[in-house]
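Trainee: Sharing start.cif (mmCIF, C-alpha atoms and all ligand atoms) below.
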data_structure
#
loop_
_atom_site.label_atom_id
_atom_site.label_comp_id
_atom_site.auth_asym_id
_atom_site.auth_seq_id
_atom_site.Cartn_x
_atom_site.Cartn_y
_atom_site.Cartn_z
CA THR B 22 9.25 -12.15 17.51
CA GLN B 23 6.06 -10.18 17.11
CA HIS B 24 5.28 -8.37 13.91
CA LEU B 25 4.21 -4.75 14.18
CA LEU B 26 1.19 -5.50 12.02
CA ASP B 27 -0.07 -9.00 11.41
CA ILE B 28 -3.11 -9.62 9.23
CA LYS B 29 -4.69 -13.02 8.86
CA ASP B 30 -7.32 -14.06 6.34
CA LEU B 31 -8.85 -10.65 5.82
CA ARG B 32 -12.11 -10.66 3.87
CA VAL B 33 -13.93 -7.47 3.03
CA SER B 34 -17.08 -7.17 0.94
CA PHE B 35 -19.26 -4.34 -0.25
CA TYR B 36 -22.98 -4.98 -0.39
CA THR B 37 -24.42 -3.25 -3.43
CA TYR B 38 -27.73 -3.40 -5.28
CA ALA B 39 -26.10 -5.77 -7.72
CA GLY B 40 -24.92 -8.09 -4.96
CA GLU B 41 -21.87 -8.75 -2.80
CA VAL B 42 -18.64 -7.38 -4.22
CA GLN B 43 -15.84 -9.44 -2.68
CA ALA B 44 -13.16 -6.77 -2.66
CA VAL B 45 -10.65 -8.54 -0.41
CA ARG B 46 -10.75 -12.34 -0.42
CA GLY B 47 -8.62 -13.85 2.29
CA VAL B 48 -5.44 -11.78 2.43
CA SER B 49 -2.72 -12.41 5.03
CA PHE B 50 0.48 -10.43 5.50
CA TYR B 51 2.67 -8.78 8.09
CA VAL B 52 4.83 -5.70 8.46
CA ASP B 53 7.80 -5.50 10.81
CA LYS B 54 9.06 -2.46 12.67
CA GLY B 55 10.98 -0.06 10.47
CA GLU B 56 10.53 -1.90 7.18
CA THR B 57 8.70 -1.00 4.00
CA LEU B 58 6.19 -3.37 2.46
CA ALA B 59 4.94 -2.46 -1.00
CA ILE B 60 1.54 -3.69 -2.10
CA VAL B 61 1.27 -3.68 -5.88
CA GLY B 62 -1.41 -4.51 -8.41
CA GLU B 63 -3.82 -2.93 -10.85
CA SER B 64 -6.54 -0.60 -9.68
CA GLY B 65 -9.46 -2.50 -8.22
CA CYS B 66 -7.28 -5.36 -6.94
CA GLY B 67 -8.17 -4.62 -3.33
CA LYS B 68 -4.95 -2.95 -2.21
CA SER B 69 -6.58 0.30 -1.08
CA VAL B 70 -9.48 -1.51 0.55
CA THR B 71 -6.99 -3.65 2.46
CA VAL B 72 -5.20 -0.69 4.03
CA GLN B 73 -8.41 1.28 4.55
CA THR B 74 -9.61 -1.69 6.57
CA VAL B 75 -6.45 -1.56 8.68
CA MET B 76 -7.20 2.08 9.41
CA GLY B 77 -10.85 1.41 10.17
CA LEU B 78 -11.92 3.56 7.25
CA ILE B 79 -14.20 1.17 5.39
CA PRO B 80 -17.61 2.83 5.10
CA SER B 81 -20.03 0.43 6.72
CA PRO B 82 -22.52 -0.04 5.19
CA PRO B 83 -21.97 -0.81 2.34
CA GLY B 84 -18.62 -2.30 3.41
CA ARG B 85 -18.21 -5.12 5.87
CA VAL B 86 -15.18 -6.91 7.26
CA LYS B 87 -16.37 -10.49 6.97
CA SER B 88 -13.43 -12.14 8.65
CA GLY B 89 -9.87 -11.67 9.64
CA ASN B 90 -7.66 -10.55 12.48
CA ILE B 91 -5.68 -7.36 12.35
CA ILE B 92 -3.10 -7.41 15.11
CA PHE B 93 -1.35 -4.05 15.45
CA ASP B 94 1.24 -3.66 18.17
CA ASN B 95 -0.15 -6.68 20.03
CA ARG B 96 -3.79 -5.59 19.93
CA ASP B 97 -6.54 -6.94 17.69
CA ILE B 98 -7.77 -3.65 16.30
CA THR B 99 -10.86 -5.20 14.69
CA THR B 100 -12.36 -5.23 18.19
CA LEU B 101 -11.85 -1.51 18.84
CA ASN B 102 -14.70 1.01 18.72
CA ASP B 103 -14.71 4.07 16.46
CA LYS B 104 -13.28 6.37 19.11
CA GLN B 105 -10.38 4.03 19.90
CA MET B 106 -9.70 3.57 16.19
CA GLU B 107 -9.66 7.31 15.68
CA ASN B 108 -7.04 7.64 18.40
CA ILE B 109 -4.84 5.03 16.77
CA ARG B 110 -5.21 6.70 13.36
CA GLY B 111 -4.14 10.06 14.65
CA SER B 112 -1.16 8.88 16.64
CA GLU B 113 0.08 5.35 16.01
CA ILE B 114 -0.80 4.91 12.36
CA GLY B 115 -0.22 7.84 10.02
CA MET B 116 -1.49 7.95 6.48
CA ILE B 117 -0.97 9.82 3.27
CA PHE B 118 -3.05 9.63 0.14
CA GLN B 119 -2.71 10.33 -3.54
CA ASP B 120 -4.44 13.69 -3.43
CA PRO B 121 -3.53 15.88 -0.47
CA MET B 122 -6.18 18.40 -1.51
CA THR B 123 -8.93 15.99 -0.50
CA SER B 124 -7.44 15.31 2.92
CA LEU B 125 -6.14 18.78 3.80
CA ASN B 126 -8.63 21.23 5.21
CA PRO B 127 -8.70 24.24 2.85
CA THR B 128 -9.92 26.60 5.58
CA MET B 129 -7.19 25.87 8.10
CA THR B 130 -3.51 26.85 7.99
CA ILE B 131 -1.01 24.08 7.40
CA GLY B 132 0.46 24.77 10.82
CA ARG B 133 -2.84 24.30 12.61
CA GLN B 134 -3.47 21.08 10.74
CA ILE B 135 -0.17 19.66 11.92
CA ALA B 136 -0.73 21.03 15.44
CA GLU B 137 -4.22 19.58 15.83
CA GLY B 138 -3.08 15.99 16.23
CA LEU B 139 -0.33 17.00 18.63
CA ILE B 140 -2.75 18.90 20.85
CA LYS B 141 -5.27 16.07 20.75
CA HIS B 142 -3.05 13.03 21.02
CA GLN B 143 0.08 14.30 22.72
CA HIS B 144 -1.59 16.91 24.90
CA MET B 145 0.77 19.66 23.79
CA SER B 146 -0.07 23.29 24.37
CA LYS B 147 -1.01 25.32 21.32
CA ASN B 148 2.36 27.03 21.27
CA GLN B 149 4.35 23.84 21.68
CA ALA B 150 2.33 22.25 18.92
CA LEU B 151 2.88 25.15 16.53
CA GLN B 152 6.61 25.09 17.25
CA ARG B 153 6.62 21.36 16.51
CA ALA B 154 4.66 22.09 13.32
CA ILE B 155 7.46 24.39 12.17
CA ASP B 156 10.02 21.71 13.01
CA MET B 157 8.01 19.17 11.06
CA LEU B 158 7.82 21.45 8.02
CA LYS B 159 11.59 21.84 8.20
CA MET B 160 11.94 18.08 8.48
CA VAL B 161 9.96 17.61 5.27
CA GLN B 162 12.11 20.31 3.69
CA ILE B 163 9.58 23.08 3.21
CA PRO B 164 11.70 26.19 2.69
CA ASN B 165 10.99 29.16 4.92
CA ALA B 166 9.00 26.99 7.33
CA ASP B 167 8.58 29.75 9.94
CA ASN B 168 6.40 31.70 7.53
CA ARG B 169 4.99 28.83 5.55
CA VAL B 170 3.43 27.39 8.70
CA ASN B 171 0.81 30.16 8.41
CA ASN B 172 -0.09 29.36 4.80
CA TYR B 173 -3.29 27.73 3.65
CA PRO B 174 -3.17 24.59 1.48
CA HIS B 175 -3.93 26.49 -1.75
CA GLN B 176 -0.77 28.54 -1.22
CA PHE B 177 1.32 25.36 -1.46
CA SER B 178 2.34 23.63 -4.69
CA GLY B 179 1.28 20.01 -5.23
CA GLY B 180 4.63 18.68 -4.07
CA MET B 181 4.62 20.93 -1.01
CA ARG B 182 1.11 19.81 -0.12
CA GLN B 183 2.23 16.19 -0.19
CA ARG B 184 5.16 17.14 2.06
CA ALA B 185 2.70 18.85 4.41
CA MET B 186 0.60 15.67 4.45
CA ILE B 187 3.70 13.70 5.40
CA ALA B 188 4.41 16.22 8.16
CA ILE B 189 0.88 15.78 9.51
CA ALA B 190 1.13 12.00 9.27
CA LEU B 191 4.49 11.85 11.04
CA ALA B 192 3.95 14.59 13.63
CA CYS B 193 2.90 12.14 16.35
CA ASN B 194 5.71 9.66 15.59
CA PRO B 195 3.50 6.85 14.29
CA LYS B 196 4.83 3.31 14.33
CA LEU B 197 3.29 2.73 10.91
CA LEU B 198 2.84 5.03 7.94
CA ILE B 199 0.38 3.96 5.29
CA ALA B 200 0.96 5.64 1.95
CA ASP B 201 -1.66 4.97 -0.72
CA GLU B 202 -0.31 6.06 -4.11
CA PRO B 203 1.38 9.04 -2.44
CA THR B 204 3.13 10.31 -5.55
CA THR B 205 0.79 9.32 -8.37
CA ALA B 206 -0.55 12.85 -8.83
CA LEU B 207 2.92 14.43 -8.90
CA ASP B 208 5.36 14.90 -11.75
CA VAL B 209 8.31 12.55 -11.97
CA THR B 210 10.94 14.84 -10.42
CA ILE B 211 8.76 15.69 -7.44
CA GLN B 212 7.83 12.00 -7.12
CA ALA B 213 11.47 11.07 -6.70
CA GLN B 214 11.96 13.82 -4.11
CA ILE B 215 8.98 12.65 -2.08
CA ILE B 216 10.17 9.04 -2.13
CA ASP B 217 13.66 10.14 -1.05
CA LEU B 218 12.09 12.15 1.72
CA MET B 219 10.06 9.16 2.91
CA LYS B 220 13.22 7.05 2.96
CA ASP B 221 15.14 9.66 4.95
CA LEU B 222 12.32 10.10 7.43
CA GLN B 223 12.02 6.36 7.85
CA ARG B 224 15.72 6.15 8.65
CA GLU B 225 15.37 8.95 11.21
CA THR B 226 12.12 7.88 12.85
CA GLY B 227 12.12 4.09 12.41
CA THR B 228 8.53 4.08 11.23
CA ALA B 229 7.32 1.11 9.21
CA ILE B 230 5.73 1.92 5.86
CA ILE B 231 3.07 0.21 3.79
CA LEU B 232 3.31 1.68 0.34
CA ILE B 233 0.57 1.09 -2.16
CA THR B 234 1.56 1.76 -5.71
CA HIS B 235 1.35 0.48 -9.24
CA ASP B 236 4.78 1.97 -9.98
CA LEU B 237 7.40 -0.76 -9.74
CA GLY B 238 10.21 1.77 -10.12
CA ILE B 239 9.15 3.30 -6.80
CA VAL B 240 8.88 -0.15 -5.25
CA ALA B 241 12.45 -0.94 -6.25
CA ASP B 242 13.54 2.33 -4.71
CA ILE B 243 12.04 1.98 -1.27
CA ALA B 244 10.59 -1.45 -0.42
CA GLN B 245 12.23 -4.40 1.30
CA ARG B 246 9.28 -6.70 0.75
CA VAL B 247 6.54 -6.83 -1.85
CA MET B 248 3.05 -8.31 -1.98
CA VAL B 249 1.38 -8.63 -5.38
CA MET B 250 -2.41 -8.52 -5.33
CA TYR B 251 -4.84 -9.59 -8.00
CA ALA B 252 -8.65 -9.64 -7.84
CA GLY B 253 -8.80 -9.27 -4.08
CA GLU B 254 -6.15 -11.88 -3.31
CA ALA B 255 -2.42 -11.90 -2.66
CA VAL B 256 -0.94 -13.94 -5.52
CA GLU B 257 2.78 -13.63 -4.76
CA TRP B 258 4.87 -12.16 -1.96
CA GLY B 259 8.48 -12.13 -0.92
CA SER B 260 11.54 -9.96 -0.64
CA LEU B 261 12.16 -7.25 -3.22
CA ARG B 262 14.79 -9.54 -4.75
CA ASP B 263 12.42 -12.50 -4.88
CA ILE B 264 9.73 -10.54 -6.65
CA PHE B 265 11.96 -8.65 -9.07
CA TYR B 266 14.50 -11.33 -9.91
CA GLU B 267 12.82 -14.66 -9.14
CA PRO B 268 9.13 -13.96 -9.78
CA ARG B 269 7.06 -17.13 -10.08
CA HIS B 270 3.51 -15.99 -10.75
CA PRO B 271 2.44 -15.25 -14.34
CA TYR B 272 0.67 -12.09 -13.16
CA THR B 273 3.88 -10.84 -11.57
CA TRP B 274 5.67 -11.62 -14.84
CA GLY B 275 3.13 -9.50 -16.65
CA LEU B 276 3.53 -6.60 -14.22
CA LEU B 277 7.29 -6.69 -14.51
CA GLN B 278 7.18 -6.83 -18.29
CA SER B 279 5.05 -3.73 -18.32
CA VAL B 280 7.75 -1.48 -16.88
CA PRO B 281 11.02 -0.27 -18.38
CA ARG B 282 14.15 -2.09 -17.27
CA LEU B 283 15.51 -0.74 -14.00
CA ASP B 284 19.04 -0.45 -15.28
CA SER B 285 18.18 1.79 -18.20
CA ASP B 286 16.76 5.28 -18.46
CA GLU B 287 14.85 4.26 -21.54
CA LYS B 288 11.22 5.27 -21.14
CA LYS B 289 9.13 2.61 -22.80
CA PRO B 290 5.37 2.99 -22.74
CA LEU B 291 3.56 0.65 -20.38
CA VAL B 292 2.45 -2.59 -21.97
CA PRO B 293 -0.67 -3.52 -20.10
CA ILE B 294 -1.49 -7.17 -19.54
CA ASN B 295 -4.24 -8.18 -21.98
CA GLY B 296 -7.73 -8.64 -20.68
CA THR B 297 -9.50 -7.45 -17.57
CA PRO B 298 -9.76 -8.76 -14.01
CA PRO B 299 -12.77 -10.93 -13.11
CA ASP B 300 -16.00 -9.51 -11.77
CA LEU B 301 -15.75 -9.58 -7.98
CA LEU B 302 -19.53 -9.96 -7.77
CA ALA B 303 -18.95 -13.49 -8.99
CA PRO B 304 -15.29 -14.46 -8.70
CA PRO B 305 -14.33 -17.59 -10.64
CA PRO B 306 -14.03 -20.87 -8.73
CA GLY B 307 -10.42 -21.47 -9.74
CA CYS B 308 -7.49 -19.12 -10.27
CA ALA B 309 -8.76 -15.57 -10.73
CA PHE B 310 -6.07 -14.88 -13.33
CA ALA B 311 -6.95 -17.83 -15.55
CA ASP B 312 -8.78 -15.81 -18.22
CA ARG B 313 -5.69 -13.69 -18.81
CA CYS B 314 -3.04 -16.33 -18.27
CA GLN B 315 -1.34 -17.88 -21.28
CA TYR B 316 -0.31 -20.86 -19.14
CA ALA B 317 -3.76 -21.69 -17.80
CA MET B 318 -4.40 -25.43 -17.43
CA ARG B 319 -7.65 -27.27 -16.82
CA ILE B 320 -7.15 -27.40 -13.06
CA CYS B 321 -6.65 -23.62 -12.98
CA ARG B 322 -10.31 -23.11 -13.80
CA GLN B 323 -11.47 -25.73 -11.31
CA GLN B 324 -9.55 -25.19 -8.10
CA PRO B 325 -7.91 -22.09 -6.64
CA PRO B 326 -4.15 -22.54 -6.34
CA GLU B 327 -2.84 -22.45 -2.78
CA ALA B 328 0.21 -20.54 -1.63
CA MET B 329 3.25 -22.58 -2.59
CA PRO B 330 6.46 -21.93 -0.67
CA ILE B 331 9.40 -21.15 -2.94
CA SER B 332 12.09 -20.07 -0.52
CA GLY B 333 12.13 -18.42 2.89
CA GLY B 334 9.32 -15.90 2.89
CA HIS B 335 8.68 -16.19 -0.86
CA TYR B 336 5.32 -17.65 -1.89
CA ALA B 337 3.23 -17.71 -5.03
CA CYS B 338 -0.28 -19.01 -5.65
CA CYS B 339 -0.04 -20.75 -9.00
CA TRP B 340 -0.60 -24.30 -10.22
CA LEU B 341 2.61 -24.08 -12.25
CA LEU B 342 4.44 -24.57 -8.96
CA HIS B 343 2.82 -27.94 -8.42
CA PRO B 344 5.45 -30.69 -8.76
CA GLU B 345 3.45 -32.36 -11.56
CA ALA B 346 2.85 -29.18 -13.56
CA PRO B 347 4.57 -28.78 -16.91
CA LYS B 348 7.78 -26.77 -16.72
CA VAL B 349 7.43 -23.37 -18.33
CA GLU B 350 10.17 -20.91 -19.07
CA ARG B 351 9.83 -17.60 -17.29
CA PRO B 352 9.66 -14.76 -19.83
CA VAL B 353 12.29 -12.06 -19.72
CA THR B 354 11.38 -9.67 -16.92
CA LEU B 355 13.29 -7.00 -15.04
CA GLY B 356 15.84 -9.44 -13.76
CA GLY B 357 16.60 -10.54 -17.33
FE1 LIG O 401 -2.01 -19.15 -14.73
FE2 LIG O 401 -2.97 -21.41 -13.72
FE3 LIG O 401 -1.00 -20.13 -12.48
FE4 LIG O 401 -3.45 -19.14 -12.48
S1 LIG O 401 -2.80 -21.02 -11.53
S2 LIG O 401 -1.60 -18.02 -12.84
S3 LIG O 401 -4.15 -19.69 -14.52
S4 LIG O 401 -0.93 -21.06 -14.50
MG MG O 402 -6.54 2.80 -4.84
#
Using the file provided, produce a representation of the structure as structure tokens.
Mentor:
Amino acid sequence: TQHLLDIKDLRVSFYTYAGEVQAVRGVSFYVDKGETLAIVGESGCGKSVTVQTVMGLIPSPPGRVKSGNIIFDNRDITTLNDKQMENIRGSEIGMIFQDPMTSLNPTMTIGRQIAEGLIKHQHMSKNQALQRAIDMLKMVQIPNADNRVNNYPHQFSGGMRQRAMIAIALACNPKLLIADEPTTALDVTIQAQIIDLMKDLQRETGTAIILITHDLGIVADIAQRVMVMYAGEAVEWGSLRDIFYEPRHPYTWGLLQSVPRLDSDEKKPLVPINGTPPDLLAPPPGCAFADRCQYAMRICRQQPPEAMPISGGHYACCWLLHPEAPKVERPVTLGG
């Protein structure tokens, strides 16, 4: 069967005065219809650049897609021109970002902003589109939608603005919704409401979701599959269960140890993994995590580890999975 989105060996660089920053270094993944894939990792790991590339939003220059195929709904969208990409963005791929204020137009009513895409991509009349805008605001649970549709963004609270963004993104029934840190700017209660809303809407509309986040609590709440990125590469991927309960990459262990246990309400402060990611102007020849990895062996600094299959759909890129590697005990993570 065909995946809705299928990405192979994506490489994206930014050409700066200092040299070539290799932001995404050979990432492959897929998303199926109706499912949620979470992409997790520290800031700067390439997760935003990866999805911005899918949406054709990499500023070029300085950015350049060096290689890779991005098959969306049976088309290689790397071959499309700007106009065709813009059409796909407005209708088949929706997106929401961390800060709705930067993507909402402050001079236009919320209703018109939802209606615009419908008029443009679905050829609705202005009245039809505004009626649909009201329906969408109801769908994202904005109270008093009939009046609120005439509000400007500044008249909405932060949580309501994010709901409005979701309404805009979903108005044209996209097959894929890309959500880049959609709740990071919101307080915890509103965060949970937005995630619940996204889950409900996914159930109703069948849209697939790529969720980018560094919050593993949110991942556990909504994702079926998870890809862990580090220094521009995917280092481990698998089902939610695989990643949370059978993680095999030391970086994933570190991520999981830095969040409170899922089964307790105890709010422990985040324990960041010691050290910093490598400079992507000059990535190391071996494993990019070696400088921060307590298990690093000589080969780790010499050769990059390849993806090792662990079980159906679960892979990790780590020399510890080599049959001749020393056996190490996984530290206590979320799964205990
Ligand atoms: Fe650590 Fe080596 Fe595995 Fe990299 S390949 S994560 S350095 S053990
Ligand atoms: Mg980001």
Trainee: To one decimal place, how far is atom CA of B:Leu342 from atom CA of B:Leu261 in Å?
Mentor: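 It comes out at 19.8 Å.
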Trainee: Tell me, counting only C-alpha atoms and all ligand atoms, for each residue of chain B within 8 Å of ligand LIG 401 (chain O), which pair of atoms is nearest and how far apart they are in Å to one decimal, in rows ordered by chain and increasing number, as JSON lines.
Mentor:
{"residue": "B:His270", "atom": "CA", "partner": "O:LIG401", "partner_atom": "S2", "distance": 5.9}
{"residue": "B:Pro271", "atom": "CA", "partner": "O:LIG401", "partner_atom": "S2", "distance": 5.1}
{"residue": "B:Tyr272", "atom": "CA", "partner": "O:LIG401", "partner_atom": "S2", "distance": 6.4}
{"residue": "B:Gly307", "atom": "CA", "partner": "O:LIG401", "partner_atom": "S1", "distance": 7.8}
{"residue": "B:Cys308", "atom": "CA", "partner": "O:LIG401", "partner_atom": "FE4", "distance": 4.6}
{"residue": "B:Ala309", "atom": "CA", "partner": "O:LIG401", "partner_atom": "FE4", "distance": 6.6}
{"residue": "B:Phe310", "atom": "CA", "partner": "O:LIG401", "partner_atom": "FE4", "distance": 5.1}
{"residue": "B:Ala311", "atom": "CA", "partner": "O:LIG401", "partner_atom": "S3", "distance": 3.5}
{"residue": "B:Asp312", "atom": "CA", "partner": "O:LIG401", "partner_atom": "S3", "distance": 7.1}
{"residue": "B:Arg313", "atom": "CA", "partner": "O:LIG401", "partner_atom": "S3", "distance": 7.5}
{"residue": "B:Cys314", "atom": "CA", "partner": "O:LIG401", "partner_atom": "FE1", "distance": 4.6}
{"residue": "B:Gln315", "atom": "CA", "partner": "O:LIG401", "partner_atom": "FE1", "distance": 6.7}
{"residue": "B:Tyr316", "atom": "CA", "partner": "O:LIG401", "partner_atom": "S4", "distance": 4.7}
{"residue": "B:Ala317", "atom": "CA", "partner": "O:LIG401", "partner_atom": "S3", "distance": 3.9}
{"residue": "B:Met318", "atom": "CA", "partner": "O:LIG401", "partner_atom": "FE2", "distance": 5.7}
{"residue": "B:Ile320", "atom": "CA", "partner": "O:LIG401", "partner_atom": "FE2", "distance": 7.3}
{"residue": "B:Cys321", "atom": "CA", "partner": "O:LIG401", "partner_atom": "FE2", "distance": 4.4}
{"residue": "B:Arg322", "atom": "CA", "partner": "O:LIG401", "partner_atom": "S3", "distance": 7.1}
{"residue": "B:Pro325", "atom": "CA", "partner": "O:LIG401", "partner_atom": "S1", "distance": 7.2}
{"residue": "B:Pro326", "atom": "CA", "partner": "O:LIG401", "partner_atom": "S1", "distance": 5.6}
{"residue": "B:Cys338", "atom": "CA", "partner": "O:LIG401", "partner_atom": "S1", "distance": 6.7}
{"residue": "B:Cys339", "atom": "CA", "partner": "O:LIG401", "partner_atom": "FE3", "distance": 3.7}
{"residue": "B:Trp340", "atom": "CA", "partner": "O:LIG401", "partner_atom": "S1", "distance": 4.2}
{"residue": "B:Leu341", "atom": "CA", "partner": "O:LIG401", "partner_atom": "S4", "distance": 5.2}
{"residue": "B:Leu342", "atom": "CA", "partner": "O:LIG401", "partner_atom": "FE3", "distance": 7.9}
Trainee: Convert the current residue selection to file output with C-alpha atoms, as a compact mmCIF listing (two decimals), in the coordinates of the input.
Mentor:
# COMPACT_ATOMS: atom_id res chain seq x y z
CA HIS B 270 3.51 -15.99 -10.75
CA PRO B 271 2.44 -15.25 -14.34
CA TYR B 272 0.67 -12.09 -13.16
CA GLY B 307 -10.42 -21.47 -9.74
CA CYS B 308 -7.49 -19.12 -10.27
CA ALA B 309 -8.76 -15.57 -10.73
CA PHE B 310 -6.07 -14.88 -13.33
CA ALA B 311 -6.95 -17.83 -15.55
CA ASP B 312 -8.78 -15.81 -18.22
CA ARG B 313 -5.69 -13.69 -18.81
CA CYS B 314 -3.04 -16.33 -18.27
CA GLN B 315 -1.34 -17.88 -21.28
CA TYR B 316 -0.31 -20.86 -19.14
CA ALA B 317 -3.76 -21.69 -17.80
CA MET B 318 -4.40 -25.43 -17.43
CA ILE B 320 -7.15 -27.40 -13.06
CA CYS B 321 -6.65 -23.62 -12.98
CA ARG B 322 -10.31 -23.11 -13.80
CA PRO B 325 -7.91 -22.09 -6.64
CA PRO B 326 -4.15 -22.54 -6.34
CA CYS B 338 -0.28 -19.01 -5.65
CA CYS B 339 -0.04 -20.75 -9.00
CA TRP B 340 -0.60 -24.30 -10.22
CA LEU B 341 2.61 -24.08 -12.25
CA LEU B 342 4.44 -24.57 -8.96
Trainee: Do you know which residues are within 10 Å of ligand MG 402 (chain O) using only C-alpha atoms and all ligand atoms? Can you write them as a short mmCIF file (atom, residue, chain, number, x, y, z; two decimals) with C-alpha atoms, keeping the file's coordinate frame?
Mentor:
data_model
loop_
_atom_site.label_atom_id
_atom_site.label_comp_id
_atom_site.auth_asym_id
_atom_site.auth_seq_id
_atom_site.Cartn_x
_atom_site.Cartn_y
_atom_site.Cartn_z
CA GLY B 62 -1.41 -4.51 -8.41
CA GLU B 63 -3.82 -2.93 -10.85
CA SER B 64 -6.54 -0.60 -9.68
CA GLY B 65 -9.46 -2.50 -8.22
CA CYS B 66 -7.28 -5.36 -6.94
CA GLY B 67 -8.17 -4.62 -3.33
CA LYS B 68 -4.95 -2.95 -2.21
CA SER B 69 -6.58 0.30 -1.08
CA VAL B 70 -9.48 -1.51 0.55
CA THR B 71 -6.99 -3.65 2.46
CA VAL B 72 -5.20 -0.69 4.03
CA GLN B 73 -8.41 1.28 4.55
CA PHE B 118 -3.05 9.63 0.14
CA GLN B 119 -2.71 10.33 -3.54
CA ASP B 201 -1.66 4.97 -0.72
CA GLU B 202 -0.31 6.06 -4.11
CA ILE B 233 0.57 1.09 -2.16
CA THR B 234 1.56 1.76 -5.71
CA HIS B 235 1.35 0.48 -9.24
#
Trainee: Find the residues around B:Leu198 up to 7 Å (only C-alpha atoms counted), leave out those fewer than 4 positions away in its own chain, and share them as a list in words.
Mentor: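 Contacts, with the query itself left out: Ile114, Gly115, Met116, Thr228, Ala229, Ile230 and Ile231 of chain B.
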Trainee: Can I get the selected residues back with C-alpha atoms, as a short mmCIF file (atom, residue, chain, number, x, y, z; two decimals), in the frame of the given file?
Mentor:
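Listed below is the output, part.cif:
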data_model
loop_
_atom_site.label_atom_id
_atom_site.label_comp_id
_atom_site.auth_asym_id
_atom_site.auth_seq_id
_atom_site.Cartn_x
_atom_site.Cartn_y
_atom_site.Cartn_z
CA ILE B 114 -0.80 4.91 12.36
CA GLY B 115 -0.22 7.84 10.02
CA MET B 116 -1.49 7.95 6.48
CA THR B 228 8.53 4.08 11.23
CA ALA B 229 7.32 1.11 9.21
CA ILE B 230 5.73 1.92 5.86
CA ILE B 231 3.07 0.21 3.79
#
Trainee: Might you pull out every residue within 10 Å of B:Ala255, with all atoms listed in the file counted and same-chain residues fewer than 3 positions away left off, and present them as a compact mmCIF listing (two decimals) with C-alpha atoms, in the frame of the given file?
Mentor:
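Generated file (around07.txt):
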# COMPACT_ATOMS: atom_id res chain seq x y z
CA VAL B 45 -10.65 -8.54 -0.41
CA ARG B 46 -10.75 -12.34 -0.42
CA GLY B 47 -8.62 -13.85 2.29
CA VAL B 48 -5.44 -11.78 2.43
CA SER B 49 -2.72 -12.41 5.03
CA PHE B 50 0.48 -10.43 5.50
CA ILE B 60 1.54 -3.69 -2.10
CA VAL B 61 1.27 -3.68 -5.88
CA GLY B 62 -1.41 -4.51 -8.41
CA CYS B 66 -7.28 -5.36 -6.94
CA GLY B 67 -8.17 -4.62 -3.33
CA LYS B 68 -4.95 -2.95 -2.21
CA MET B 248 3.05 -8.31 -1.98
CA VAL B 249 1.38 -8.63 -5.38
CA MET B 250 -2.41 -8.52 -5.33
CA TYR B 251 -4.84 -9.59 -8.00
CA ALA B 252 -8.65 -9.64 -7.84
CA TRP B 258 4.87 -12.16 -1.96
CA ALA B 328 0.21 -20.54 -1.63
CA TYR B 336 5.32 -17.65 -1.89
CA ALA B 337 3.23 -17.71 -5.03
CA CYS B 338 -0.28 -19.01 -5.65
Trainee: Applying 12 Å and only C-alpha atoms, which residues near stretch 163-174 of chain B remain after dropping the ones on its own chain fewer than 4 positions away? List them as a PyMOL selection string.
Mentor: chain B and resi 121-136+150-159+178-189+215+218
Trainee: What is the atom CA of B:Asp217 to atom CA of B:Gln245 distance in Å?
Mentor: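 Distance reported for this atom pair: 14.8 Å.
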Trainee: How big is the axis-aligned box around the listed atoms of stretch 166-176 of chain B once 5 Å is added on each side, and where is its centre? Give both in Å to one decimal, as JSON.
Mentor:
{"center_x": 2.5, "center_y": 28.1, "center_z": 4.1, "size_x": 22.9, "size_y": 17.1, "size_z": 21.7}
